[in-house]
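Working notes for the structure below.
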Amino acid sequence: MYEAFYGLKENPFSIQPDPDYLYFGRRHAYAYAMMEFGIKNKAGFTVISGEIGCGKTTLVRHLLNNLATDVTVGLVYNTHREIADLLEWIMLALGLPYEGMSKVALYDAFQRFLIEQYGLGKGVLLIIDEAQNLSPAALESLRMLSNINADKNQLIQIMLVGQPQLKGMLTRPDLLQFSQRVEADFHIKPFEASDVQNYIEHRLAVAGRKKPLFTPEACARIAETSQGVPRRINILCNTALVYGYSAEAKRIDLDLVEEVLSDKAEFGALSNPE
């Protein structure tokens with residue numbers, strides 16, 4: 001609703017993962033470098049963890065858009081604790097038949113697929129999003145699948161992406177064999193305060209706005225309130241733009257941001273009840 005008023009071609013602060021808007025702060029750059037390192041160096045397991053709303057899925061989307069053509073990818077994103085054996089979900093993610101097959105038949109078909117891809121000069125990358133939902137039994141099943149290889153060549157690479165609980169789970173004594181297979185890992189923390197203004201300006205520029213819109217003081221307040229979490233920043237900025245449009249404000253200043261925060265605290269559906 002405010003796009004034309006502020007010279008924007010689209011909403012710059014959508015909370016949907018969009019790699020076109022990816023901002024490489026220092027920590028996100030390191031995380032992406034570890035993703036690339038894991039793939040290029042044929043790491044059996046790569047683990048990327050981070051706080052809720054810190055941009056993990058956006059990084060994955062960016063990675064998928066930039067993978068070489070010699071990598072076959074399967075993405076599993078509907079994980080839950082009741083899954084003890086992921087093989088059916090993996091077959092589904094890779095577009096392979098799985099219904100009505102015994103566990104032995106599934107394993108044989110999966111192994112044949114990996115060998116076939118290897119013969120074609122392709123690697124297989126399995127990405128599991130929201131991996132903190134997996135049980136220790138499911139992780140152990142992944143470790144066993146990673147044992148499929150051809151001589152010294154790793155036939156499948158597995159990337160786990162999840163919330164901080166994933167990081168904690170992998171330190172369990174009963175998952176020691178699994179954690180010792182992790183060759184690349186990084187935990188994404190929220191933006192530092194100095195990054196938030198750059199992040200806001202970057203998203204505005206991608207959406208078509210070249211002139212400054214949020215004052216430095218407004219950005220500093222958003223950084224403080226959001227604690228540097230990208231999703232929270234987006235929600236605050238989006239609301240501030242709605243308020244600015246309603247007030248016909250040419251810039252988003254500290255007073256307007258304070259009004260947004262005050263109204264959210266008093267009238268927001270997620271505010272603390274009295």
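Each chain of the structure tokens is named A, B, ... in the order shown, its residues numbered from 1; ligands are numbered from 1 in display order.
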| query | Counting only C-alpha atoms, what is within 12 Å of Glu224 of chain A, bar same-chain residues fewer than 3 positions away, as number ranges by chain? | reply | A: 190-197, 217-221, 227-229, 232-233, 236, 257-258, 261
| request: Can you pull out every residue within 12 Å of segment 89-105 of chain A, counting only C-alpha atoms, but drop anything in the same chain fewer than 2 positions away, and send it as a VMD selection string? | output: chain A and resid 71 to 80 83 to 87 107 to 114 117 124 to 129 138 141 to 142 145 156 158
Using only C-alpha atoms, find each residue in segment 157-247 of chain A having at least one atom no more than 10 Å away from segment 15-19 of chain A; report its shortest atom-to-atom pair and that distance in Å (one decimal), rows by chain then rising number, as JSON lines.
{"residue": "A:Pro230", "atom": "CA", "partner": "A:Ile15", "partner_atom": "CA", "distance": 8.6}
{"residue": "A:Arg231", "atom": "CA", "partner": "A:Ile15", "partner_atom": "CA", "distance": 5.9}
{"residue": "A:Arg232", "atom": "CA", "partner": "A:Ile15", "partner_atom": "CA", "distance": 8.7}
{"residue": "A:Ile233", "atom": "CA", "partner": "A:Ile15", "partner_atom": "CA", "distance": 9.4}
{"residue": "A:Asn234", "atom": "CA", "partner": "A:Ile15", "partner_atom": "CA", "distance": 6.4}
{"residue": "A:Ile235", "atom": "CA", "partner": "A:Ile15", "partner_atom": "CA", "distance": 7.3}
{"residue": "A:Asn238", "atom": "CA", "partner": "A:Ile15", "partner_atom": "CA", "distance": 9.6}
| query | What residues in segment 18-100 of chain A get the DSSP label strand (DSSP E)? Please answer as an MDAnalysis selection string. | reply | chainID A and resid 45:50 71:76
Keeping only N, CA, C and O atoms, write the selected residues as a short mmCIF file (atom, residue, chain, number, x, y, z; two decimals), in the first residue's frame.
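Wrote it out as again-v3.cif, contents follow:
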data_model
loop_
_atom_site.label_atom_id
_atom_site.label_comp_id
_atom_site.auth_asym_id
_atom_site.auth_seq_id
_atom_site.Cartn_x
_atom_site.Cartn_y
_atom_site.Cartn_z
N PHE A 45 29.01 -34.24 6.38
CA PHE A 45 27.97 -33.49 7.07
C PHE A 45 28.40 -32.04 7.25
O PHE A 45 29.53 -31.75 7.65
N THR A 46 27.47 -31.12 6.96
CA THR A 46 27.62 -29.71 7.25
C THR A 46 26.44 -29.30 8.13
O THR A 46 25.30 -29.70 7.86
N VAL A 47 26.70 -28.53 9.17
CA VAL A 47 25.63 -28.11 10.09
C VAL A 47 25.62 -26.59 10.17
O VAL A 47 26.63 -25.96 10.48
N ILE A 48 24.46 -26.00 9.86
CA ILE A 48 24.26 -24.55 9.97
C ILE A 48 23.10 -24.33 10.94
O ILE A 48 21.97 -24.77 10.69
N SER A 49 23.38 -23.67 12.05
CA SER A 49 22.33 -23.38 13.02
C SER A 49 22.22 -21.88 13.22
O SER A 49 23.08 -21.11 12.80
N GLY A 50 21.12 -21.46 13.86
CA GLY A 50 20.93 -20.03 14.09
C GLY A 50 19.60 -19.78 14.77
O GLY A 50 18.71 -20.64 14.79
N VAL A 71 25.40 -31.06 -9.35
CA VAL A 71 24.94 -31.43 -8.02
C VAL A 71 23.43 -31.70 -8.06
O VAL A 71 22.66 -30.84 -8.49
N THR A 72 23.03 -32.90 -7.66
CA THR A 72 21.62 -33.24 -7.55
C THR A 72 21.18 -32.99 -6.12
O THR A 72 21.82 -33.45 -5.18
N VAL A 73 20.08 -32.22 -5.95
CA VAL A 73 19.69 -31.76 -4.61
C VAL A 73 18.35 -32.33 -4.20
O VAL A 73 17.40 -32.39 -4.98
N GLY A 74 18.27 -32.75 -2.94
CA GLY A 74 17.01 -33.11 -2.32
C GLY A 74 16.82 -32.25 -1.08
O GLY A 74 17.77 -32.07 -0.31
N LEU A 75 15.63 -31.68 -0.91
CA LEU A 75 15.35 -30.79 0.23
C LEU A 75 14.24 -31.39 1.07
O LEU A 75 13.11 -31.57 0.59
N VAL A 76 14.55 -31.69 2.32
CA VAL A 76 13.56 -32.19 3.28
C VAL A 76 13.28 -31.07 4.27
O VAL A 76 14.20 -30.58 4.93
#
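Here atom CA of Phe178 of chain A and atom CA of Glu140 of chain A stand 6.9 Å from one another.
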| field | Counting only C-alpha atoms, the option among A:Glu82, A:Glu266, A:Glu10, A:Glu88 closest to Ala205 of chain A | value | A:Glu10
